[in-house]
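Encoded as structure tokens, the structure appears first; notes follow it.
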Amino acid sequence: MMHKDGGQASAMERLFGIHAAGSSVRVEVLAGITTFLTSMYIIVVNPAVLAHGGVPFSAGLTATVLVSFFGSCAMGLYARNPVLVAPGMGMNALFAFVMVHGGGMSWQTALGCVFWSGVIFALLALFNVRKLVVDAIPANLRHAVSCGIGLFISLIGLVNAKFIVGDPVTLVHSAKLNPVLLTFLAGLALTIFLVARRIKGALMVGIVLTTVLAVPIGRWWGDGSAYGGVATLVNWQGWMARPDFSAIGQLDLLGSLKLAYWPFIFVMLFTSFFDALSTFMAVSDAGDLVDEQGDPRNIRQSMRVDAFSALLSAPLGTSPANAFIESAAGIAQGGRTGLAAVVAGLCFLPFLFLSPLLSLVPAIATAPALILVGVFMIEAITRIEWHRFDEAVPAFVAILLIPLTYSITDGVAYGFLSYVLIKLATGKAREVKPTMWVIAALAVLLLAYL
């Protein structure tokens with residue numbers, strides 16, 4: 001038995017390089033579970049959004065689980081990075097509201113557009129176009145993107161907990177304290193304590209403890225109706241539900257090639273590419289997962305996996321999958337290798353049948369982990385050259401607009417545009433690499449169509 005375990009450990013080490021990365025199997029497993037727990041909302045939220053475009057909810061759920069499983073496992077086994085891949089928020093809204101409703105196409109045709117954007121994305125990844133893009137992005141903007149995404153993740157946590165709410169006068173404000181928010185704040189305090197004491201698996205333990213604290217809501221005090229339509233936050237809805245494969249293979253390949261639909265293919269391609277690239281830069285910056293040149297580790301393989309996942313999404317029946325910013329939660333937990341991504345991917349698979357169990361973990365339970373990820377990622381702000389105005393302003397624009405526009409792509413696009421324009425206005429156009437001019441032009445087109 002000792003020999004067998006040793007052989008398994010040796011094989012695991014050869015595959016993932018766990019000890020060489022300064023990690024352990026236990027830490028990687030905890031990191032993978034943490035990433036899954038902060039991302040599992042996508043299993044029900046993504047099909048709910050797609051349903052507005054006509055995709056049957058149960059079919060969208062099945063597609064979401066499958067692409068998340070295949071994409072995350074591919075990321076772990078091929079790219080060896082601790083990054084979860086799943087259908088992206090924003091992309092599903094683009095699919096349902098812009099393409100189906102705004103563009104007047106069927107959901108099958110929209111899936112065809114997803115497929116063709118994935119084909120082009122795959123070609124860009126195959127010919128290593130990302131290297132030209134990465135090399136063209138200045139270090140200050142890279143750090144700014146990391147900070148902006150960190151703030152975005154924290155904002156998502158605060159919004160999910162309904163601590164930050166809309167207001168017709170001030171746009172947003174903090175909600176009044178109530179039993180649910182007090183429970184969330186207690187969970188946040190517990191999670192901060194665990195992290196400060198360097199408890200192993202602190203973020204995951206925080207999620208579990210906050211879930212336990214939320215059990216009384218709607219039963220003995222408070223009302224959680226605003227979080228899911230029922231008074232109770234932690235709900236038992238049974239064990240199993242049948243998977244629905246009816247959306248598989250429903251994409252309309254020829255109909256989606258009409259000239260009128262090309263702008264949608266372009267917007268989806270540009271958004272997928274820069275969401276992926278920005279996420280890889282941000283999580284690599286946060287976890288020091290960089291190579292000798294300071295570029296994100298295994299970025300070429302990672303972009304290929306992202307392209308493969310986007311390409312696979314359409315035949316399965318969902319909007320494009322991409323690298324998930326919530327992966328930063330697992331990286332903050334100590335995840336450093338592809339094993340964390342494989343574990344996260346495997347966590348998705350049982351929910352082909354066990355999706356009702358997702359109702360046991362409320363949004364306020366995962367919110368503290370997301371907020372603390374922002375704390376970890378904002379550290380990159382110290383590396384920005386704030387004394388250089390022509391570098392500081394574009395960095396600030398990206399940091400500010402990524403969370404405020406609720407879009408990584410929009411914030412990055414405006415950051416890149418401001419960089420090029422300021423360099424041009426200050427007579428430093430020679431500092432802008434040729435690829436950056438192309439990116440800026442594409443950013444203008446993207447913003448014009450969104």
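Following the order of the structure tokens, chains are lettered A, B, ..., residues in each are numbered from 1, and ligands are numbered from 1.
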Find the residues of stretch 43-149 of chain A that sit at most 9 Å from stretch 227-243 of chain A; for each, write down the nearest two atoms and how far apart they are in Å, to one decimal. Count only C-alpha atoms. Sort by chain, then by number going up, and give it as a Markdown table.
```
| residue | atom | partner | partner_atom | distance |
| --- | --- | --- | --- | --- |
| A:Ser58 | CA | A:Pro243 | CA | 7.0 |
| A:Ala59 | CA | A:Pro243 | CA | 7.4 |
| A:Leu61 | CA | A:Pro243 | CA | 8.0 |
| A:Thr62 | CA | A:Pro243 | CA | 5.7 |
```
Prev. selection, all heavy atoms, output as a short mmCIF file (atom, residue, chain, number, x, y, z; two decimals), in the first residue's frame:
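File result.cif, as written:
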```cif
data_model
loop_
_atom_site.label_atom_id
_atom_site.label_comp_id
_atom_site.auth_asym_id
_atom_site.auth_seq_id
_atom_site.Cartn_x
_atom_site.Cartn_y
_atom_site.Cartn_z
N SER A 58 -33.57 23.87 -18.38
CA SER A 58 -32.92 22.60 -18.01
C SER A 58 -31.82 22.23 -19.01
O SER A 58 -30.77 21.70 -18.62
CB SER A 58 -33.95 21.48 -17.93
OG SER A 58 -34.67 21.36 -19.15
N ALA A 59 -32.03 22.56 -20.28
CA ALA A 59 -31.00 22.29 -21.30
C ALA A 59 -29.80 23.20 -21.11
O ALA A 59 -28.64 22.78 -21.26
CB ALA A 59 -31.58 22.47 -22.69
N LEU A 61 -28.84 24.45 -18.24
CA LEU A 61 -28.14 23.98 -17.04
C LEU A 61 -27.22 22.82 -17.38
O LEU A 61 -26.06 22.78 -16.95
CB LEU A 61 -29.16 23.57 -15.97
CG LEU A 61 -28.62 23.27 -14.58
CD1 LEU A 61 -29.65 23.61 -13.51
CD2 LEU A 61 -28.21 21.80 -14.43
N THR A 62 -27.73 21.87 -18.14
CA THR A 62 -26.91 20.73 -18.54
C THR A 62 -25.69 21.18 -19.34
O THR A 62 -24.57 20.72 -19.11
CB THR A 62 -27.74 19.74 -19.37
OG1 THR A 62 -28.82 19.24 -18.57
CG2 THR A 62 -26.90 18.57 -19.86
#
```
### Task
Considering only C-alpha atoms, return as a count of residues only whatever protein or nucleic-acid residues lie within 12 Å of stretch 34-36 of chain A, sequence-local ones (same chain, fewer than 4 positions apart) excluded.
59
### Proximity to A:Asp410 - best of A:Gly222, A:Ala189, A:Ala448, A:Gly76, only C-alpha atoms
A:Ala448
### Task
Select, from A:Cys73, A:Ala363, A:Val114, A:Leu421, the residue with the minimum atom-to-atom distance to A:Leu158, counting only C-alpha atoms.
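Smallest separation from A:Leu158 among the options: A:Ala363.
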#### Entry: stretch 256-268 of chain A surroundings by only C-alpha atoms, 9 Å radius, close-in-sequence under 4 positions cut, as number ranges by chain
A: 91, 94-95, 98-99, 103, 105, 108-118, 251-252, 272-273, 320, 445-447, 449-450
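The nearest approach to A:Val393 among the residues A:Phe353, A:Phe57, A:Tyr414, A:Phe70, with only C-alpha atoms taken into account, belongs to A:Tyr414.
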### Task
Between atom CA of A:Pro434 and atom CA of A:Asp390, measure the distance and give it in Å to one decimal.
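So the answer is 17.9 Å.
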### Query
Just how far from atom CA of A:Asn140 is atom CA of A:Leu424, in Å to one decimal?
17.3 Å
### Message
Can you tell me which residues surround stretch 163-178 of chain A at a distance of at most 12 Å, considering only C-alpha atoms, apart from same-chain residues fewer than 4 positions away, and format the answer as a count of residues only?
### Response
24
### Task
DSSP on the backbone, then: every residue of stretch 142-320 of chain A marked alpha helix (DSSP H), written as a ChimeraX atom specification.
/A:142-160,179-196,202-214,262-287,299-316
### Task
Would you mind reading off the distance between atom CA of A:Val444 and atom CA of A:Val129, one decimal, in Å?
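Interatomic distance, atom CA of A:Val444 to atom CA of A:Val129: 19.5 Å.
Each of A:Met436, A:Ala31, A:Val100, A:Leu372 was checked against A:Gly338 using only C-alpha atoms; the smallest atom-to-atom distance is that of A:Ala31.
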